[in-house]
>>> print(open('final05.txt').read())   # compact mmCIF, C-alpha atoms and all ligand atoms
# COMPACT_ATOMS: atom_id res chain seq x y z
CA MET A 181 11.29 -7.35 11.49
CA ARG A 182 14.21 -5.25 12.56
CA SER A 183 17.20 -7.41 11.62
CA PRO A 184 19.15 -6.28 8.50
CA GLU A 185 20.66 -9.75 8.21
CA TYR A 186 17.26 -11.48 8.19
CA PHE A 187 16.04 -8.86 5.73
CA ARG A 188 18.85 -9.61 3.27
CA LYS A 189 18.04 -13.33 3.35
CA GLU A 190 14.35 -12.59 2.98
CA VAL A 191 14.92 -10.43 -0.11
CA ASP A 192 17.08 -13.10 -1.70
CA LEU A 193 14.84 -16.08 -0.95
CA CYS A 194 11.38 -14.50 -1.19
CA PHE A 195 11.90 -11.85 -3.87
CA VAL A 196 14.99 -12.38 -6.04
CA LYS A 197 14.31 -16.12 -6.31
CA ASN A 198 10.56 -15.81 -6.82
CA TRP A 199 8.11 -14.71 -9.48
CA ILE A 200 7.22 -11.07 -8.77
CA LEU A 201 4.20 -9.30 -10.24
CA VAL A 202 5.15 -5.97 -11.81
CA GLY A 203 2.27 -4.70 -13.96
CA ARG A 204 -0.40 -5.37 -16.57
CA VAL A 205 -0.34 -5.97 -20.30
CA GLU A 206 -2.64 -2.97 -20.91
CA GLU A 207 0.32 -0.77 -19.89
CA ILE A 208 2.21 -1.92 -23.01
CA PRO A 209 -0.56 -2.12 -25.64
CA GLU A 210 1.47 -2.32 -28.88
CA ALA A 211 4.87 -3.23 -30.29
CA GLY A 212 7.42 -0.76 -28.94
CA SER A 213 5.39 0.11 -25.82
CA TYR A 214 7.46 -0.23 -22.69
CA ILE A 215 7.38 0.30 -18.95
CA THR A 216 10.17 0.49 -16.42
CA LYS A 217 9.80 -0.61 -12.85
CA ASP A 218 12.20 0.22 -10.05
CA LEU A 219 11.98 -2.61 -7.56
CA PRO A 220 12.90 -1.12 -4.19
CA PHE A 221 14.56 -4.31 -2.99
CA GLY A 222 18.04 -5.01 -4.31
CA HIS A 223 18.16 -1.67 -6.20
CA ALA A 224 16.81 -3.50 -9.27
CA SER A 225 15.32 -1.65 -12.24
CA ILE A 226 13.47 -3.62 -14.90
CA LEU A 227 12.54 -2.72 -18.48
CA ILE A 228 9.52 -4.53 -19.96
CA VAL A 229 8.91 -4.18 -23.68
CA ASN A 230 6.13 -5.31 -25.99
CA THR A 231 8.01 -6.58 -29.06
CA LYS A 232 6.98 -8.24 -32.31
CA ASN A 233 8.22 -11.42 -30.65
CA GLY A 234 6.12 -11.06 -27.49
CA ILE A 235 6.68 -9.39 -24.14
CA LYS A 236 10.32 -9.27 -23.08
CA GLY A 237 11.97 -8.20 -19.86
CA PHE A 238 15.48 -6.89 -19.26
CA ARG A 239 17.57 -5.41 -16.51
CA ASN A 240 17.30 -1.67 -17.13
CA ILE A 241 21.08 -1.40 -17.39
CA CYS A 242 23.27 -0.22 -20.26
CA ARG A 243 26.07 -2.71 -20.89
CA HIS A 244 28.66 0.03 -21.43
CA ARG A 245 29.01 1.61 -17.99
CA GLY A 246 25.72 0.86 -16.31
CA ASN A 247 23.49 3.86 -16.92
CA LYS A 248 19.75 3.18 -17.02
CA ILE A 249 18.77 2.50 -20.61
CA ALA A 250 15.22 3.87 -20.13
CA CYS A 251 14.44 6.57 -17.59
CA ALA A 252 10.72 7.20 -18.19
CA ALA A 253 8.15 5.13 -16.29
CA ALA A 254 6.47 4.29 -19.61
CA GLY A 255 6.78 5.14 -23.28
CA GLN A 256 6.94 4.06 -26.90
CA ALA A 257 10.25 3.26 -28.61
CA ARG A 258 11.67 1.74 -31.79
CA ALA A 259 15.05 1.45 -30.05
CA PHE A 260 16.63 2.45 -26.75
CA THR A 261 19.55 4.86 -26.80
CA CYS A 262 21.53 5.36 -23.62
CA THR A 263 21.71 9.02 -22.66
CA PHE A 264 25.27 8.66 -21.27
CA HIS A 265 27.36 7.76 -24.37
CA GLY A 266 24.71 6.84 -26.91
CA TRP A 267 24.84 3.03 -27.15
CA THR A 268 21.66 1.83 -28.85
CA TYR A 269 19.69 -1.39 -28.34
CA ASP A 270 16.72 -2.70 -30.30
CA CYS A 271 13.49 -3.78 -28.62
CA ASP A 272 14.74 -7.37 -28.46
CA GLY A 273 17.69 -6.16 -26.39
CA LYS A 274 20.38 -6.59 -29.06
CA LEU A 275 23.17 -4.01 -29.08
CA ARG A 276 22.85 -2.28 -32.47
CA GLY A 277 24.92 0.88 -32.30
CA VAL A 278 28.09 2.06 -30.55
CA PRO A 279 29.33 5.60 -31.27
CA ASP A 280 32.99 5.61 -32.39
CA GLU A 281 33.03 1.83 -32.25
CA GLU A 282 36.56 1.63 -33.72
CA ALA A 283 37.95 3.15 -30.52
CA PHE A 284 36.95 -0.01 -28.62
CA LEU A 285 39.38 -2.84 -29.18
CA ASP A 286 37.72 -6.21 -29.86
CA LEU A 287 34.23 -5.11 -28.85
CA ASP A 288 31.96 -8.18 -29.04
CA LYS A 289 28.57 -6.57 -29.61
CA ALA A 290 26.77 -9.93 -29.73
CA ARG A 291 27.76 -10.52 -26.11
CA LEU A 292 26.67 -7.09 -24.89
CA GLY A 293 22.90 -7.10 -25.36
CA LEU A 294 20.59 -6.09 -22.53
CA ILE A 295 20.51 -8.67 -19.73
CA PRO A 296 17.23 -10.62 -20.02
CA VAL A 297 15.02 -11.48 -17.06
CA HIS A 298 12.50 -14.33 -17.02
CA ILE A 299 9.01 -13.10 -17.80
CA ASP A 300 5.50 -14.57 -17.98
CA THR A 301 1.86 -13.46 -17.71
CA TRP A 302 -1.31 -14.59 -15.95
CA ASN A 303 -4.73 -13.01 -16.58
CA GLY A 304 -2.91 -10.04 -18.09
CA PHE A 305 -0.65 -9.56 -15.05
CA ILE A 306 3.07 -9.45 -15.92
CA PHE A 307 5.53 -11.30 -13.70
CA VAL A 308 9.33 -11.21 -13.70
CA HIS A 309 11.85 -13.55 -12.09
CA LEU A 310 15.26 -12.08 -11.33
CA GLY A 311 17.02 -15.35 -10.49
CA ASN A 312 19.89 -16.54 -12.65
CA GLU A 313 18.61 -20.10 -12.92
CA ILE A 314 15.61 -21.04 -15.06
CA PRO A 315 12.68 -20.86 -12.61
CA ALA A 316 9.75 -23.24 -12.24
CA PRO A 317 7.02 -22.16 -14.70
CA LEU A 318 4.69 -19.42 -13.47
CA LYS A 319 1.72 -21.77 -13.90
CA GLU A 320 3.34 -24.19 -11.49
CA TYR A 321 4.16 -21.40 -9.03
CA LEU A 322 0.52 -20.21 -9.03
CA GLY A 323 -0.77 -23.76 -8.55
CA ASP A 324 -4.45 -23.91 -7.55
CA LEU A 325 -4.73 -20.15 -7.92
CA TYR A 326 -4.00 -20.37 -11.65
CA GLY A 327 -7.61 -20.87 -12.82
CA PHE A 328 -9.39 -19.03 -10.01
CA PHE A 329 -10.03 -15.81 -11.95
CA ASN A 330 -10.90 -17.47 -15.27
CA GLY A 331 -13.50 -15.30 -16.97
CA PHE A 332 -13.00 -12.18 -14.85
CA ASP A 333 -12.98 -9.08 -17.09
CA PHE A 334 -9.65 -7.67 -15.88
CA ASP A 335 -8.95 -6.18 -19.29
CA LYS A 336 -12.18 -4.13 -19.38
CA LEU A 337 -11.23 -2.02 -16.38
CA ASN A 338 -8.79 0.89 -16.16
CA VAL A 339 -6.76 2.45 -13.41
CA THR A 340 -8.87 5.26 -11.95
CA TRP A 341 -6.69 5.99 -8.98
CA SER A 342 -3.25 5.04 -7.71
CA PHE A 343 -1.30 5.78 -4.60
CA LYS A 344 2.32 5.14 -3.63
CA THR A 345 4.24 6.09 -0.52
CA GLU A 346 7.12 5.08 1.71
CA VAL A 347 6.17 3.66 5.08
CA GLU A 348 8.48 3.47 8.10
CA ALA A 349 7.56 -0.16 8.67
CA ASN A 350 8.66 -3.59 7.49
CA TRP A 351 6.80 -4.78 4.36
CA LYS A 352 5.20 -7.65 6.29
CA ILE A 353 3.70 -5.30 8.90
CA CYS A 354 1.97 -3.47 6.04
CA PHE A 355 0.84 -6.66 4.30
CA ASP A 356 -0.41 -8.10 7.62
CA GLY A 357 -2.76 -5.14 7.98
CA PHE A 358 -4.48 -6.08 4.72
CA LEU A 359 -4.82 -9.76 5.60
CA GLU A 360 -7.28 -9.40 8.45
CA GLN A 361 -10.43 -7.43 9.26
CA TYR A 362 -10.11 -7.74 13.01
CA HIS A 363 -8.93 -4.10 13.07
CA PHE A 364 -11.90 -2.71 11.11
CA ALA A 365 -14.19 -2.06 14.09
CA PHE A 366 -11.50 0.09 15.69
CA SER A 367 -9.01 1.47 13.14
CA HIS A 368 -11.71 2.05 10.53
CA ARG A 369 -14.59 2.99 12.82
CA THR A 370 -15.03 6.29 10.93
CA THR A 371 -14.46 4.97 7.40
CA VAL A 372 -15.18 1.48 6.02
CA ALA A 373 -16.10 -0.52 9.15
CA ASN A 374 -19.80 0.01 8.58
CA THR A 375 -19.56 -1.11 4.95
CA PHE A 376 -18.08 -4.48 5.87
CA LEU A 377 -19.02 -5.42 9.43
CA ALA A 378 -22.50 -6.95 9.63
CA PRO A 379 -24.32 -7.43 12.97
CA ASP A 380 -23.45 -11.15 12.87
CA ASN A 381 -19.76 -10.46 12.16
CA ARG A 382 -18.95 -7.41 14.25
CA PHE A 383 -15.26 -8.24 14.63
CA GLY A 384 -14.32 -9.22 11.09
CA ARG A 385 -14.05 -13.00 11.44
CA LEU A 386 -12.39 -14.79 8.54
CA GLY A 387 -14.95 -16.38 6.19
CA TRP A 388 -14.43 -18.89 3.37
CA HIS A 389 -10.73 -19.32 2.66
CA GLN A 390 -8.26 -21.69 1.05
CA TRP A 391 -4.52 -22.16 1.53
CA TRP A 392 -3.01 -22.51 -1.93
CA ASP A 393 0.62 -22.82 -0.94
CA PRO A 394 2.25 -20.28 -0.99
CA HIS A 395 -0.78 -18.11 -1.80
CA CYS A 396 -4.19 -17.92 -0.15
CA VAL A 397 -7.67 -16.69 -0.98
CA CYS A 398 -10.70 -15.71 1.08
CA SER A 399 -14.17 -14.26 0.53
CA ILE A 400 -15.14 -11.07 2.34
CA THR A 401 -18.76 -10.22 3.00
CA GLY A 402 -20.35 -6.83 3.52
CA ASN A 403 -22.92 -5.28 5.81
CA PRO A 404 -26.38 -5.77 4.20
CA SER A 405 -27.76 -2.71 6.02
CA PRO A 406 -24.98 -0.15 6.27
CA ARG A 407 -25.58 3.27 7.78
CA ARG A 408 -25.25 5.69 4.92
CA PRO A 409 -23.71 9.12 5.41
CA PRO A 410 -25.81 12.01 4.01
CA ILE A 411 -23.65 12.21 0.88
CA GLY A 412 -24.15 8.49 0.30
CA LYS A 413 -27.93 8.97 0.40
CA VAL A 414 -27.67 11.66 -2.25
CA LEU A 415 -25.58 9.40 -4.47
CA GLY A 416 -27.89 6.42 -3.86
CA GLY A 417 -27.18 2.71 -3.53
CA PRO A 418 -26.24 0.73 -0.44
CA ASN A 419 -22.82 2.34 -0.46
CA VAL A 420 -21.11 4.86 -2.66
CA ALA A 421 -19.14 2.31 -4.67
CA GLY A 422 -22.37 0.47 -5.41
CA SER A 423 -24.05 3.57 -6.76
CA LEU A 424 -22.70 3.08 -10.28
CA PRO A 425 -25.50 1.52 -12.33
CA PRO A 426 -25.21 -2.20 -13.06
CA GLU A 427 -23.94 -3.26 -16.47
CA PRO A 428 -22.77 -6.45 -18.14
CA PHE A 429 -19.59 -7.48 -16.47
CA VAL A 430 -18.23 -10.98 -16.17
CA ILE A 431 -16.70 -12.31 -12.98
CA SER A 432 -15.23 -15.74 -12.62
CA LYS A 433 -17.68 -18.51 -11.74
CA ASN A 434 -15.13 -19.58 -9.12
CA MET A 435 -15.58 -16.39 -7.13
CA ASN A 436 -17.95 -16.21 -4.15
CA PRO A 437 -17.86 -20.03 -3.94
CA THR A 438 -20.31 -20.13 -1.01
CA GLN A 439 -22.80 -17.98 -2.98
CA ASP A 440 -23.17 -15.68 0.01
CA ASP A 441 -25.83 -13.00 -0.63
CA ASN A 442 -23.72 -10.46 1.24
CA TRP A 443 -20.52 -11.22 -0.69
CA GLU A 444 -18.43 -8.12 -1.38
CA LEU A 445 -15.17 -9.41 -2.80
CA ASP A 446 -12.61 -12.20 -3.01
CA SER A 447 -9.18 -11.36 -1.65
CA VAL A 448 -6.08 -13.13 -2.96
CA MET A 449 -2.72 -12.98 -1.20
CA LEU A 450 -0.23 -13.66 -3.97
CA PHE A 451 3.09 -14.47 -2.34
CA PRO A 452 5.31 -12.69 -1.66
CA ASN A 453 3.99 -9.13 -1.77
CA PHE A 454 0.86 -8.71 -3.90
CA LEU A 455 -2.82 -8.49 -2.95
CA ILE A 456 -5.81 -8.54 -5.34
CA GLN A 457 -9.30 -7.75 -4.13
CA ALA A 458 -11.82 -8.45 -6.89
CA HIS A 459 -15.36 -7.07 -6.65
CA PRO A 460 -18.20 -7.57 -9.14
CA LYS A 461 -17.38 -4.35 -11.03
CA SER A 462 -13.89 -3.36 -10.00
CA TYR A 463 -10.68 -4.64 -8.54
CA ASN A 464 -8.00 -3.21 -6.28
CA VAL A 465 -4.36 -4.24 -6.07
CA TRP A 466 -1.63 -3.56 -3.54
CA TRP A 467 2.12 -4.07 -3.54
CA PHE A 468 4.13 -4.14 -0.31
CA TRP A 469 7.73 -3.59 -1.44
CA PRO A 470 10.61 -4.21 0.94
CA VAL A 471 13.14 -1.38 1.17
CA SER A 472 14.95 -2.23 4.41
CA ALA A 473 14.17 -4.16 7.58
CA THR A 474 12.18 -1.18 8.85
CA LYS A 475 10.99 0.55 5.68
CA SER A 476 8.73 -0.37 2.76
CA VAL A 477 6.94 1.12 -0.22
CA PHE A 478 3.16 0.85 -0.24
CA GLU A 479 1.61 0.93 -3.71
CA TYR A 480 -2.10 0.79 -4.57
CA ARG A 481 -4.12 0.87 -7.78
CA ARG A 482 -7.86 0.84 -8.26
CA TYR A 483 -9.30 -0.48 -11.52
CA GLU A 484 -12.87 0.21 -12.63
CA ARG A 485 -14.71 1.44 -15.66
CA ALA A 486 -14.56 5.12 -16.52
CA ALA A 487 -17.32 7.36 -15.18
CA ARG A 488 -19.87 8.25 -17.85
CA ASN A 489 -21.19 11.45 -16.32
CA ALA A 490 -20.42 13.99 -13.63
CA GLY A 491 -22.54 12.18 -11.04
CA GLU A 492 -20.62 8.93 -11.49
CA ARG A 493 -17.34 10.78 -11.41
CA PHE A 494 -18.34 12.48 -8.19
CA ALA A 495 -19.31 9.11 -6.69
CA GLN A 496 -15.91 7.68 -7.63
CA GLU A 497 -14.05 10.64 -6.19
CA TYR A 498 -16.02 10.40 -2.98
CA TYR A 499 -15.23 6.71 -2.71
CA LEU A 500 -11.54 7.37 -3.30
CA SER A 501 -11.42 9.98 -0.56
CA LEU A 502 -12.88 7.34 1.74
CA VAL A 503 -10.19 4.86 0.66
CA ARG A 504 -7.46 7.45 1.20
CA ASP A 505 -8.67 8.12 4.75
CA THR A 506 -8.82 4.37 5.37
CA PHE A 507 -5.20 3.94 4.26
CA LEU A 508 -4.06 6.79 6.48
CA GLN A 509 -5.65 4.99 9.41
CA ASP A 510 -3.76 1.82 8.42
CA LEU A 511 -0.37 3.45 7.86
CA PHE A 512 -0.61 5.30 11.15
CA ALA A 513 -0.87 1.96 12.99
CA PHE A 514 1.81 0.21 10.88
CA GLU A 515 4.50 2.76 11.77
CA HIS A 516 3.63 2.48 15.45
CA VAL A 517 3.92 -1.32 15.27
CA GLN A 518 7.37 -1.01 13.68
CA GLN A 519 8.47 1.43 16.37
CA SER A 520 7.40 -1.05 19.06
CA ILE A 521 9.24 -3.93 17.40
CA SER A 522 12.35 -1.82 16.84
CA SER A 523 12.36 -0.91 20.54
CA GLY A 524 13.11 -4.56 21.30
CA ALA A 525 10.53 -4.61 24.09
CA ILE A 526 8.34 -7.28 22.44
CA ASP A 527 9.16 -10.32 20.37
CA GLU A 528 5.87 -12.16 19.95
CA PHE A 529 2.27 -11.44 18.95
CA PRO A 530 -0.72 -13.60 19.94
CA LEU A 531 -2.90 -14.08 16.86
CA SER A 532 -6.59 -14.99 16.64
CA LEU A 533 -8.33 -17.20 14.07
CA SER A 534 -9.38 -13.97 12.34
CA GLU A 535 -5.67 -13.33 11.73
CA ALA A 536 -4.89 -16.74 10.22
CA ARG A 537 -3.78 -15.20 6.93
CA VAL A 538 -1.23 -13.08 8.80
CA ALA A 539 0.27 -16.23 10.30
CA TYR A 540 0.23 -17.87 6.87
CA LEU A 541 2.27 -15.08 5.25
CA HIS A 542 4.92 -15.29 7.98
CA HIS A 543 4.90 -19.06 7.78
CA GLN A 544 5.67 -18.85 4.06
CA VAL A 545 8.55 -16.45 4.66
CA ASN A 546 9.94 -18.50 7.54
CA LYS A 547 9.71 -21.66 5.48
CA ARG A 548 11.87 -20.16 2.76
CA LEU A 549 14.46 -19.05 5.21
CA ALA A 550 14.63 -22.66 6.36
CA ARG A 551 14.85 -21.94 10.02
CA GLU A 552 15.81 -24.76 12.30
CA HIS A 553 12.34 -24.69 13.79
CA ASP A 554 9.28 -22.81 12.61
CA PRO A 555 7.66 -20.88 15.46
CA VAL A 556 4.44 -20.23 13.57
CA ILE A 557 3.85 -23.89 12.80
CA GLU A 558 4.62 -24.84 16.36
CA GLY A 559 2.00 -22.41 17.60
CA GLU A 560 4.22 -20.11 19.59
CA GLY A 561 2.68 -17.18 17.76
CA ASP A 562 6.13 -15.66 17.29
CA VAL A 563 5.82 -13.85 14.00
CA CYS A 564 8.11 -11.00 14.95
CA SER A 565 11.36 -12.55 16.00
CA SER A 566 13.00 -11.46 12.75
S1 LIG B 1 26.69 3.94 -19.99
FE1 LIG B 1 25.33 3.69 -21.65
S2 LIG B 1 26.47 4.36 -23.33
FE2 LIG B 1 27.84 4.59 -21.70
FE FE B 2 -7.13 -1.49 7.33
>>> encode(input="final05.txt", output="structure tokens", more="lines below")
Ligand code: FES
Ligand SMILES: [Fe+2]
Amino acid sequence: MRSPEYFRKEVDLCFVKNWILVGRVEEIPEAGSYITKDLPFGHASILIVNTKNGIKGFRNICRHRGNKIACAAAGQARAFTCTFHGWTYDCDGKLRGVPDEEAFLDLDKARLGLIPVHIDTWNGFIFVHLGNEIPAPLKEYLGDLYGFFNGFDFDKLNVTWSFKTEVEANWKICFDGFLEQYHFAFSHRTTVANTFLAPDNRFGRLGWHQWWDPHCVCSITGNPSPRRPPIGKVLGGPNVAGSLPPEPFVISKNMNPTQDDNWELDSVMLFPNFLIQAHPKSYNVWWFWPVSATKSVFEYRRYERAARNAGERFAQEYYLSLVRDTFLQDLFAFEHVQQSISSGAIDEFPLSLSEARVAYLHHQVNKRLAREHDPVIEGEGDVCSS
């Protein structure tokens, strides 16, 4: 996790040649709605457009001299006009207008449409594939995960909070920190430890889980008798997030498969860099974007229903301040881990059963890089030799 050469291979094999989740269909609600997404790896920028012919994805690149064709993060357009020299493309990516076209000799407009990228959706999540070859279908890539969330009301919830920042740590160090709860009793002693760690699971052991190559899922339980801070008592409920009154909301019948009374959420690691944590009335998502061997972008969104009164809004804001503090505790540790790895003084980590999902992520990366031998599989615990 400090080698630029390993990083370049990783980006190519795990990101460029993989389905990557980039957003949700609610972000482009009608024909002409679009979003752009700058993918920190490979300097790629993507334009995703809702067209009369379905959702389409393109490289966000003008075919004249390479300016971005759309600069806003989101918008509504009947056509896209490049701000450099005014070439215009329709929503299907066809080149429609070239100022002073006669000055170009033999300009073949049919050949100069926007460059398409492969695109597909799953439960309203939009995926792109940047590879040149036709990829395996998304359904095949998701495998056993494909039907897991059937029935979950993703489309009834809205983004209430989002957070994005650069972290001086490899993307896998950041993702690792969200694939285990072993650190909760210590890193999150002052924030969420008490919400999740029950007396019979004081160190965040891994509960029900499945390996759905290359993804994995697990259930996470909560503390049935959490200590409530004074503000939590005012807001009511076992914890602040739970203080919103119950209402009809459908979750998938596949979730909480062990029917645990203390179930809090199901957590899905969607390879390579996406995490979904789905609760009964909300869901949270994270992206861990690679930037370089020692730097990443951490992106988070929380989806829930809108508050209906000031009390609910206050409860949500309080919860979000708790989440923010929790993330700061995480990021603090991640940058220290990177510093230690970059120092070259250590090259292996011993992992516990509670950290099995960490090993699984690294195993999936290593597998793609087709190493001569796989240290994770062979039990050497070496997840940091890259
Ligand atoms: S770069 Fe877009 S019109 Fe010239
Ligand atoms: Fe954490």
>>> residues_near_ligand(input="final05.txt", ligand="ligand LIG 1 (chain B)", cutoff="6 Å", atoms="only C-alpha atoms and all ligand atoms", output="PyMOL selection string")
chain A and resi 242+244-247+262+264-267
>>> closest_residue(input="final05.txt", among="A:Phe376, A:Tyr498, A:Phe334, A:Trp469", to="Ala224 in chain A", atoms="only C-alpha atoms")
A:Trp469
>>> closest_residue(input="final05.txt", among="A:Val465, A:Val372, A:Ala536, A:Ile526", to="ligand FE 2 (chain B)", atoms="all atoms listed in the file")
A:Val372
>>> atom_distance(input="final05.txt", atom1="CA of Tyr483 in chain A", atom2="CA of Ser342 in chain A")
9.0 Å
>>> atom_distance(input="final05.txt", atom1="CA of Gln390 in chain A", atom2="CA of Val503 in chain A")
26.6 Å
>>> closest_residue(input="final05.txt", among="A:Ala495, A:Ile353, A:Ala253, A:Leu531", to="ligand FE 2 (chain B)", atoms="all atoms listed in the file")
A:Ile353
>>> residues_near_ligand(input="final05.txt", ligand="ligand FE 2 (chain B)", cutoff="7 Å", atoms="all atoms listed in the file", output="list in words")
Gly357, Phe358, His363, Phe364, Ser367, His368, Thr506, Phe507, Gln509 and Asp510 of chain A
>>> closest_residue(input="final05.txt", among="A:Gly222, A:Thr268, A:Glu346, A:Thr371", to="Glu281 in chain A", atoms="all atoms listed in the file")
A:Thr268
>>> residues_near_point(input="final05.txt", point="(20.4, -1.4, -16.0)", cutoff="9 Å", atoms="only C-alpha atoms", output="PDB file with C-alpha atoms, in the frame of the given file")
ATOM      1  CA  ALA A 224      16.810  -3.500  -9.270  1.00  0.00           C
ATOM      2  CA  SER A 225      15.320  -1.650 -12.240  1.00  0.00           C
ATOM      3  CA  ILE A 226      13.470  -3.620 -14.900  1.00  0.00           C
ATOM      4  CA  LEU A 227      12.540  -2.720 -18.480  1.00  0.00           C
ATOM      5  CA  PHE A 238      15.480  -6.890 -19.260  1.00  0.00           C
ATOM      6  CA  ARG A 239      17.570  -5.410 -16.510  1.00  0.00           C
ATOM      7  CA  ASN A 240      17.300  -1.670 -17.130  1.00  0.00           C
ATOM      8  CA  ILE A 241      21.080  -1.400 -17.390  1.00  0.00           C
ATOM      9  CA  CYS A 242      23.270  -0.220 -20.260  1.00  0.00           C
ATOM     10  CA  ARG A 243      26.070  -2.710 -20.890  1.00  0.00           C
ATOM     11  CA  GLY A 246      25.720   0.860 -16.310  1.00  0.00           C
ATOM     12  CA  ASN A 247      23.490   3.860 -16.920  1.00  0.00           C
ATOM     13  CA  LYS A 248      19.750   3.180 -17.020  1.00  0.00           C
ATOM     14  CA  ILE A 249      18.770   2.500 -20.610  1.00  0.00           C
ATOM     15  CA  ALA A 250      15.220   3.870 -20.130  1.00  0.00           C
ATOM     16  CA  LEU A 294      20.590  -6.090 -22.530  1.00  0.00           C
ATOM     17  CA  ILE A 295      20.510  -8.670 -19.730  1.00  0.00           C
TER      18      ILE A 295
END
>>> closest_residue(input="final05.txt", among="A:Val545, A:Ala525, A:Leu201, A:Val397", to="Leu325 in chain A", atoms="only C-alpha atoms")
A:Val397
>>> atom_distance(input="final05.txt", atom1="CA of Val347 in chain A", atom2="CA of Glu206 in chain A")
28.2 Å
>>> build_atoms(input="final05.txt", residues="range 330-341 of chain A", atoms="N, CA and C atoms", output="PDB file, keeping the file's coordinate frame")
ATOM      1  N   ASN A 330     -10.498 -17.242 -13.867  1.00  0.00           N
ATOM      2  CA  ASN A 330     -10.900 -17.470 -15.270  1.00  0.00           C
ATOM      3  C   ASN A 330     -12.228 -16.792 -15.558  1.00  0.00           C
ATOM      4  N   GLY A 331     -12.258 -15.954 -16.585  1.00  0.00           N
ATOM      5  CA  GLY A 331     -13.500 -15.300 -16.970  1.00  0.00           C
ATOM      6  C   GLY A 331     -13.672 -13.905 -16.406  1.00  0.00           C
ATOM      7  N   PHE A 332     -12.864 -13.522 -15.425  1.00  0.00           N
ATOM      8  CA  PHE A 332     -13.000 -12.180 -14.850  1.00  0.00           C
ATOM      9  C   PHE A 332     -12.508 -11.153 -15.870  1.00  0.00           C
ATOM     10  N   ASP A 333     -13.292 -10.076 -16.048  1.00  0.00           N
ATOM     11  CA  ASP A 333     -12.980  -9.080 -17.090  1.00  0.00           C
ATOM     12  C   ASP A 333     -11.889  -8.094 -16.653  1.00  0.00           C
ATOM     13  N   PHE A 334     -10.725  -8.595 -16.289  1.00  0.00           N
ATOM     14  CA  PHE A 334      -9.650  -7.670 -15.880  1.00  0.00           C
ATOM     15  C   PHE A 334      -9.370  -6.632 -16.960  1.00  0.00           C
ATOM     16  N   ASP A 335      -9.395  -7.072 -18.217  1.00  0.00           N
ATOM     17  CA  ASP A 335      -8.950  -6.180 -19.290  1.00  0.00           C
ATOM     18  C   ASP A 335      -9.981  -5.113 -19.657  1.00  0.00           C
ATOM     19  N   LYS A 336     -11.171  -5.156 -19.057  1.00  0.00           N
ATOM     20  CA  LYS A 336     -12.180  -4.130 -19.380  1.00  0.00           C
ATOM     21  C   LYS A 336     -12.139  -2.962 -18.395  1.00  0.00           C
ATOM     22  N   LEU A 337     -11.264  -3.040 -17.423  1.00  0.00           N
ATOM     23  CA  LEU A 337     -11.230  -2.020 -16.380  1.00  0.00           C
ATOM     24  C   LEU A 337      -9.909  -1.248 -16.437  1.00  0.00           C
ATOM     25  N   ASN A 338      -9.976   0.021 -16.072  1.00  0.00           N
ATOM     26  CA  ASN A 338      -8.790   0.890 -16.160  1.00  0.00           C
ATOM     27  C   ASN A 338      -8.429   1.427 -14.787  1.00  0.00           C
ATOM     28  N   VAL A 339      -7.182   1.838 -14.668  1.00  0.00           N
ATOM     29  CA  VAL A 339      -6.760   2.450 -13.410  1.00  0.00           C
ATOM     30  C   VAL A 339      -7.470   3.795 -13.263  1.00  0.00           C
ATOM     31  N   THR A 340      -8.235   3.954 -12.186  1.00  0.00           N
ATOM     32  CA  THR A 340      -8.870   5.260 -11.950  1.00  0.00           C
ATOM     33  C   THR A 340      -8.167   6.008 -10.834  1.00  0.00           C
ATOM     34  N   TRP A 341      -7.376   5.315 -10.074  1.00  0.00           N
ATOM     35  CA  TRP A 341      -6.690   5.990  -8.980  1.00  0.00           C
ATOM     36  C   TRP A 341      -5.506   5.148  -8.558  1.00  0.00           C
TER      37      TRP A 341
END
